[in-house]
Amino acid sequence: MEQRLANTWRMTVNEKKFIETALLSDLRIDGRRPFDYRNITIRFGREDGSSEVQLGRTHVMGFVTCQLVQPYRDRPNEGTLAIYTEFSPMADPSFEAGRPAESAVELGRIIDRGLRESRAVDTESLCVVAGKWVWSLRVDLHILDNGGNLVDAANIAALSALLTFRRPECTFGGEDGQDVIIHAPEAREPLPLTVHHLPIAITFAFIGDENTVVIDPTHFEEAVMGGRMTATVNANGDICAVQKAGGEGVIQSVIMQCLRIASVKAADITTKIEDAVKSNNTERALRKIKRHPPSVVVDVIKAGEKGANNLLKENMEKPQLKIEDSSFSQGDDMDIETESSKQDDGRTRTDKDASFIGGPSSWDPYSKGVNADELKASLASRVAVTSPKDTTPLVEPPVTVTDLPVTSTTAASSSTETTGAGQQTNKEKTLKDAVKPKHKRKKKTSAS
Amino acid sequence: MESKPSNSPSSLVDQHVFPGDVVLDLSKMTNQTIKLGSGLRQDGDAISAMKAGKLRFAKPNKYWVESSHKRYVPCAGDTVLGIVVDSKADNFLVDIKGPTLAFLPVLAFEGGTRRNIPKFEMGTLLYARVVMANTGMNPELACMDATGKAAEFGPLKDGYMFESTTGLSRMLLKSPPCPLLETLGKKLAFEIAVGLNGRVWVNASSPSIIILVANSIMKSESLSPVQQKIMVDNLLQRVQ
């Protein structure tokens with residue numbers, strides 16, 4: 001008995017009084033205004049379908065797994081979705097291991113209702129053989145730290161985990177063509193789920209005698225609040241679920257006001273989740289390319305040389321123009337020198353923040369005007385040079401710059417080999433030529 | 001005594017140590033008595049650390065390991081902030097973030113007699129002193145100093161109490177006053193009570209000052225003195 005008393009977290013009279021008095025002047029103990037949401041951080045694990053959400057001090061991890069099961073009798077062609085919660089005593093001493101508390105059950109139910117009854121996840125697409133095999137999705141939500149408002153954080157964790165989850169592809173095979181073959185993710189690309197919309201849970205707390213409304217309560221405010229309302233709203237403004245907990249009565253106009261605020265916040269959070277998922281997807285795609293490092297490195301060297309040779313050939317075909325230029329070629333060389341040093345600076349700068357976003361989209365412009373080998377070379381060089389980051393499209397100068405030095409140096413070196421070191425003017429030309437096409441390309445892309 | 005700094009242990013003082021690290025070698029420092037504090041233990045001739053933290057040394061001969069925790073291990077002589085949980089016939093049960101509740105005898109107040117037993121409702125915040133902390137027993141508190149004077153101990157009214165870590169409390173209580181409190185105190189008027197159990201109580205005339213002080217204290221744990229000053233200056237500029 002006494003041991004339990006020692007373990008429970010308790011609040012002083014002072015805190016309770018202070019929270020209420022501060023709220024009367026529209027202040028909250030963490031410095032927010034009543035309708036400010038805390039900062040949300042969404043991170044993803046290496047595996048598909050795992051997410052970690054931080055909402056202030058609240059920390060929730062979501063994990064999605066799937067399994068082939070027999071469908072329910074009454075819904076033979078629908079997959080299933082189940083939410084499981086895990087309240088670790090590490091998060092809050094008041095959580096007991098093993099036995100789910102009332103709050104744990106409520107949290108699971110709210111998220112389950114928001115996701116399932118609004119049909120956010122397309123369960124019919126989870127059917128493999130009607131009446132026989134469907135995918136059963138399991139969302140595990142682990143509460144790692146309780147800083148209040150677990151419902152919202154867990155809901156965001158569940159959504160972002162579902163958005164990044166990919167189920168293995170399966171086909172029919174075997175002797176009679178009736179066996180279900182589940183393909184390993186290495187063999188066939190796993191498929192993402194169909195998520196129609198994102199039901200976002202927004203929690204309001206009603207505190208004090210005057211029922212002051214605050215959004216996103218911390219656990220201090222949760223200890224003080226008389227009532228709570230969770231509205232599950234999507235970005236379109238549809239209300240998916242409303243849960244009113246706690247005894248305090250709330251008048252209708254307040255609820256309507258809460259719902260309006262909720263739909264605004266839901267739109268914000270939706271974009272946050274979508275941005276996080278998008279950047280995760282691109283990162284995932286990039287990770288795939290890095291999956292076979294040794295072969296890529298070999299490719300770099302070969303393709304790099306090849307690409308350089310190609311460049312050389314191209315440029316040798318139109319020497320006349322170069323000769324005309326040669327009167328001020330020295331000046332040009334100087335330019336190139338300084339430029340390349342600048343480029344190097346740029347590269348070191350970009351190397352520092354090596355997390356790379358938006359890679360694949362920026363490759364496309366290359367493939368337009370360049371042959372495949374060269375594309376490969378530039379791609380490979382990018383991977384080899386610890387993958388400089390480019391958030392901006394290719395039109396921006398620093399990006400074109402990043403893979404420039406590599407090709408130009410190889411071009412220069414190979415030119416000395418192939419053309420023979422004899423002619424000084426020729427060498428100058430080729431050095432410049434190796435750079436020139438890129439400039440042209442830059443113009444091309446900027447024009448397009 | 002003079003020869004000690006040249007010994008091997010001095011290299012570890014104020015350094016991070018980890019459980020199992022041999023901190024002192026007694027065979028090299030004969031004819032000395034040393035006192036071991038928390039987090040250290042003796043295995044034959046070796047003194048090894050039992051918890052991760054910084055090894056501290058106080059003249060003439062005290063060694064201990066200091067670390068920052070969210071929980072508190074009671075230690076006699078510490079001043080703590082406790083919350084009244086229950087009252088029994090001759091004891092109040094007080095939560096001091098320790099492994100067990102602490103006892104506060106109803107007579108452990110200045111001039112306390114059977115006649116004038118104070119009344120505390122549940123959840124009252126108390127500033128108290130740990131009188132006794134033995135293993136296997138509930139620690140005992142007192143709301144008076146060793147000479148029997150009240151000396152600021154007792155219930156704290158109003159204000160706001162927040163919990164942090166023991167490391168932060170120790171930083172706030174350091175003897176050249178911590179730069180954070182110094183800079184805050186130059187501009188704002190507030191009362192503060194720091195318990196070594198990681199609880200801090202702040203009171204001021206207006207809620208906004210309390211919130212500002214409390215949040216800047218909570219944010220300052222991982223900051224260096226200079227950073228603390230910069231943060232507080234920025235905060236104050238933004239407010240004014």
# chains A, B, ... in the order shown; residues from 1 in each chain; ligands from 1
>>> interface_residues(of="chain A", to="chain B", cutoff="6 Å", atoms="only C-alpha atoms", output="PDB file with N, CA, C and O atoms, in the first residue's frame")
ATOM      1  N   ALA A   6       4.117   5.645  -2.753  1.00  0.00           N
ATOM      2  CA  ALA A   6       5.392   6.273  -3.093  1.00  0.00           C
ATOM      3  C   ALA A   6       5.579   6.339  -4.593  1.00  0.00           C
ATOM      4  O   ALA A   6       6.268   7.210  -5.098  1.00  0.00           O
ATOM      5  N   THR A  12       0.947  19.059  -6.229  1.00  0.00           N
ATOM      6  CA  THR A  12       0.715  19.864  -5.035  1.00  0.00           C
ATOM      7  C   THR A  12      -0.482  20.777  -5.223  1.00  0.00           C
ATOM      8  O   THR A  12      -0.915  21.039  -6.354  1.00  0.00           O
ATOM      9  N   VAL A  13      -0.984  21.265  -4.110  1.00  0.00           N
ATOM     10  CA  VAL A  13      -2.071  22.240  -4.155  1.00  0.00           C
ATOM     11  C   VAL A  13      -1.609  23.485  -4.899  1.00  0.00           C
ATOM     12  O   VAL A  13      -2.361  24.065  -5.684  1.00  0.00           O
ATOM     13  N   ASN A  14      -0.333  23.846  -4.671  1.00  0.00           N
ATOM     14  CA  ASN A  14       0.207  25.056  -5.285  1.00  0.00           C
ATOM     15  C   ASN A  14       0.104  25.004  -6.800  1.00  0.00           C
ATOM     16  O   ASN A  14      -0.338  25.951  -7.442  1.00  0.00           O
ATOM     17  N   GLU A  15       0.514  23.854  -7.364  1.00  0.00           N
ATOM     18  CA  GLU A  15       0.506  23.730  -8.821  1.00  0.00           C
ATOM     19  C   GLU A  15      -0.898  23.858  -9.374  1.00  0.00           C
ATOM     20  O   GLU A  15      -1.143  24.561 -10.345  1.00  0.00           O
ATOM     21  N   ALA A  22      -3.158  31.093 -13.608  1.00  0.00           N
ATOM     22  CA  ALA A  22      -2.430  31.552 -14.795  1.00  0.00           C
ATOM     23  C   ALA A  22      -3.326  31.496 -16.019  1.00  0.00           C
ATOM     24  O   ALA A  22      -3.263  32.362 -16.891  1.00  0.00           O
ATOM     25  N   ILE A  29       1.525  26.918 -18.214  1.00  0.00           N
ATOM     26  CA  ILE A  29       2.783  26.804 -17.494  1.00  0.00           C
ATOM     27  C   ILE A  29       3.965  26.571 -18.422  1.00  0.00           C
ATOM     28  O   ILE A  29       5.097  26.820 -18.045  1.00  0.00           O
TER      29      ILE A  29
END
>>> select_by_dssp(residues="range 47-214 of chain B", states="helix (DSSP H, G or I)", output="PDB file with N, CA and C atoms, in the first residue's frame")
ATOM      1  N   THR B 166      18.083  16.033 -10.104  1.00  0.00           N
ATOM      2  CA  THR B 166      18.903  16.384  -8.953  1.00  0.00           C
ATOM      3  C   THR B 166      20.113  17.203  -9.385  1.00  0.00           C
ATOM      4  N   GLY B 167      20.589  16.952 -10.593  1.00  0.00           N
ATOM      5  CA  GLY B 167      21.733  17.708 -11.096  1.00  0.00           C
ATOM      6  C   GLY B 167      21.408  19.177 -11.234  1.00  0.00           C
ATOM      7  N   LEU B 168      20.210  19.462 -11.723  1.00  0.00           N
ATOM      8  CA  LEU B 168      19.806  20.857 -11.898  1.00  0.00           C
ATOM      9  C   LEU B 168      19.706  21.543 -10.542  1.00  0.00           C
ATOM     10  N   SER B 169      19.141  20.842  -9.566  1.00  0.00           N
ATOM     11  CA  SER B 169      19.028  21.428  -8.221  1.00  0.00           C
ATOM     12  C   SER B 169      20.397  21.776  -7.688  1.00  0.00           C
ATOM     13  N   ARG B 170      21.335  20.876  -7.883  1.00  0.00           N
ATOM     14  CA  ARG B 170      22.664  21.124  -7.359  1.00  0.00           C
ATOM     15  C   ARG B 170      23.298  22.322  -8.060  1.00  0.00           C
ATOM     16  N   MET B 171      23.018  22.435  -9.365  1.00  0.00           N
ATOM     17  CA  MET B 171      23.561  23.572 -10.104  1.00  0.00           C
ATOM     18  C   MET B 171      22.995  24.882  -9.544  1.00  0.00           C
ATOM     19  N   LEU B 172      21.702  24.885  -9.251  1.00  0.00           N
ATOM     20  CA  LEU B 172      21.074  26.111  -8.754  1.00  0.00           C
ATOM     21  C   LEU B 172      21.592  26.481  -7.375  1.00  0.00           C
ATOM     22  N   LEU B 173      22.035  25.474  -6.614  1.00  0.00           N
ATOM     23  CA  LEU B 173      22.446  25.728  -5.235  1.00  0.00           C
ATOM     24  C   LEU B 173      23.937  25.983  -5.109  1.00  0.00           C
ATOM     25  N   PRO B 179      24.848  31.526 -12.742  1.00  0.00           N
ATOM     26  CA  PRO B 179      24.652  32.725 -13.576  1.00  0.00           C
ATOM     27  C   PRO B 179      23.202  32.917 -13.995  1.00  0.00           C
ATOM     28  N   LEU B 180      22.489  31.797 -14.114  1.00  0.00           N
ATOM     29  CA  LEU B 180      21.087  31.877 -14.524  1.00  0.00           C
ATOM     30  C   LEU B 180      20.288  32.684 -13.516  1.00  0.00           C
ATOM     31  N   LEU B 181      20.383  32.291 -12.240  1.00  0.00           N
ATOM     32  CA  LEU B 181      19.612  32.980 -11.212  1.00  0.00           C
ATOM     33  C   LEU B 181      20.102  34.412 -11.041  1.00  0.00           C
ATOM     34  N   GLU B 182      21.399  34.590 -11.219  1.00  0.00           N
ATOM     35  CA  GLU B 182      21.952  35.928 -11.051  1.00  0.00           C
ATOM     36  C   GLU B 182      21.370  36.889 -12.082  1.00  0.00           C
ATOM     37  N   THR B 183      21.389  36.453 -13.352  1.00  0.00           N
ATOM     38  CA  THR B 183      20.881  37.335 -14.407  1.00  0.00           C
ATOM     39  C   THR B 183      19.383  37.535 -14.269  1.00  0.00           C
ATOM     40  N   LEU B 184      18.680  36.459 -13.917  1.00  0.00           N
ATOM     41  CA  LEU B 184      17.233  36.601 -13.750  1.00  0.00           C
ATOM     42  C   LEU B 184      16.938  37.561 -12.601  1.00  0.00           C
ATOM     43  N   GLY B 185      17.699  37.414 -11.520  1.00  0.00           N
ATOM     44  CA  GLY B 185      17.436  38.204 -10.322  1.00  0.00           C
ATOM     45  C   GLY B 185      17.693  39.681 -10.512  1.00  0.00           C
ATOM     46  N   LYS B 186      18.555  40.012 -11.473  1.00  0.00           N
ATOM     47  CA  LYS B 186      18.837  41.426 -11.696  1.00  0.00           C
ATOM     48  C   LYS B 186      17.618  42.145 -12.275  1.00  0.00           C
ATOM     49  N   LYS B 187      16.830  41.426 -13.066  1.00  0.00           N
ATOM     50  CA  LYS B 187      15.713  42.073 -13.761  1.00  0.00           C
ATOM     51  C   LYS B 187      14.373  41.795 -13.099  1.00  0.00           C
ATOM     52  N   PRO B 207       1.809  35.754 -12.576  1.00  0.00           N
ATOM     53  CA  PRO B 207       2.020  34.422 -13.150  1.00  0.00           C
ATOM     54  C   PRO B 207       3.028  34.417 -14.292  1.00  0.00           C
ATOM     55  N   SER B 208       3.060  35.510 -15.076  1.00  0.00           N
ATOM     56  CA  SER B 208       3.952  35.487 -16.237  1.00  0.00           C
ATOM     57  C   SER B 208       5.415  35.423 -15.804  1.00  0.00           C
ATOM     58  N   ILE B 209       5.736  36.090 -14.682  1.00  0.00           N
ATOM     59  CA  ILE B 209       7.125  36.033 -14.201  1.00  0.00           C
ATOM     60  C   ILE B 209       7.446  34.617 -13.731  1.00  0.00           C
ATOM     61  N   ILE B 210       6.487  34.018 -13.028  1.00  0.00           N
ATOM     62  CA  ILE B 210       6.722  32.652 -12.540  1.00  0.00           C
ATOM     63  C   ILE B 210       6.977  31.720 -13.716  1.00  0.00           C
ATOM     64  N   ILE B 211       6.168  31.848 -14.754  1.00  0.00           N
ATOM     65  CA  ILE B 211       6.300  30.959 -15.908  1.00  0.00           C
ATOM     66  C   ILE B 211       7.648  31.181 -16.582  1.00  0.00           C
ATOM     67  N   LEU B 212       8.021  32.442 -16.692  1.00  0.00           N
ATOM     68  CA  LEU B 212       9.301  32.739 -17.341  1.00  0.00           C
ATOM     69  C   LEU B 212      10.463  32.153 -16.560  1.00  0.00           C
ATOM     70  N   VAL B 213      10.446  32.365 -15.249  1.00  0.00           N
ATOM     71  CA  VAL B 213      11.551  31.862 -14.433  1.00  0.00           C
ATOM     72  C   VAL B 213      11.579  30.334 -14.476  1.00  0.00           C
ATOM     73  N   ALA B 214      10.410  29.729 -14.298  1.00  0.00           N
ATOM     74  CA  ALA B 214      10.356  28.269 -14.243  1.00  0.00           C
ATOM     75  C   ALA B 214      10.854  27.663 -15.546  1.00  0.00           C
TER      76      ALA B 214
END
>>> residues_around(residues="range 51-62 of chain B", least_positions_apart="3", cutoff="12 Å", atoms="only C-alpha atoms", output="MDAnalysis selection string")
chainID B and resid 1:2 4:5 9:24 29 32:41 47:48 65:69 167
>>> closest_residue(among="A:Asn236, A:Ser160, A:Thr123, A:Thr212", to="Gly49 in chain A", atoms="only C-alpha atoms")
A:Ser160
>>> atom_distance(atom1="CA of Leu223 in chain B", atom2="CA of Gln54 in chain A")
21.8 Å
>>> closest_residue(among="B:Pro155, B:Pro225, B:Pro176, B:Gly136", to="Val80 in chain B", atoms="only C-alpha atoms")
B:Pro155
>>> residues_around(residues="range 101-105 of chain A", least_positions_apart="6", cutoff="9 Å", atoms="only C-alpha atoms", output="list in words")
Thr85, Glu86, Phe87 and Phe95 of chain A
>>> write_last_selection(atoms="N, CA, C and O atoms", output="mmCIF file, in the first residue's frame")
data_model
loop_
_atom_site.group_PDB
_atom_site.id
_atom_site.type_symbol
_atom_site.label_atom_id
_atom_site.label_comp_id
_atom_site.auth_asym_id
_atom_site.auth_seq_id
_atom_site.Cartn_x
_atom_site.Cartn_y
_atom_site.Cartn_z
ATOM 1 N N THR A 85 -2.044 -1.214 -27.538
ATOM 2 C CA THR A 85 -1.278 -0.187 -26.833
ATOM 3 C C THR A 85 -0.410 -0.835 -25.767
ATOM 4 O O THR A 85 -0.757 -1.869 -25.213
ATOM 5 N N GLU A 86 0.694 -0.201 -25.506
ATOM 6 C CA GLU A 86 1.624 -0.708 -24.508
ATOM 7 C C GLU A 86 2.053 0.485 -23.664
ATOM 8 O O GLU A 86 2.708 1.386 -24.165
ATOM 9 N N PHE A 87 1.627 0.474 -22.411
ATOM 10 C CA PHE A 87 1.972 1.573 -21.507
ATOM 11 C C PHE A 87 3.098 1.092 -20.616
ATOM 12 O O PHE A 87 2.887 0.316 -19.709
ATOM 13 N N PHE A 95 1.785 3.990 -14.499
ATOM 14 C CA PHE A 95 1.387 2.878 -15.371
ATOM 15 C C PHE A 95 1.877 1.581 -14.764
ATOM 16 O O PHE A 95 3.037 1.473 -14.377
#
>>> atom_distance(atom1="CA of Cys75 in chain B", atom2="CA of Phe109 in chain B")
19.9 Å
>>> select_by_dssp(residues="range 30-209 of chain B", states="strand (DSSP E or B)", output="PyMOL selection string")
chain B and resi 35-36+40-43+46-49+53-58+62-66+79-87+91-95+102-105+125-132+140-142+154-156+160-163+190-195+199-204
>>> atom_distance(atom1="CA of Leu191 in chain A", atom2="CA of Val64 in chain A")
13.7 Å
>>> closest_residue(among="A:Ile156, A:Arg113, A:Thr171, A:Phe63", to="Leu141 in chain A", atoms="only C-alpha atoms")
A:Phe63
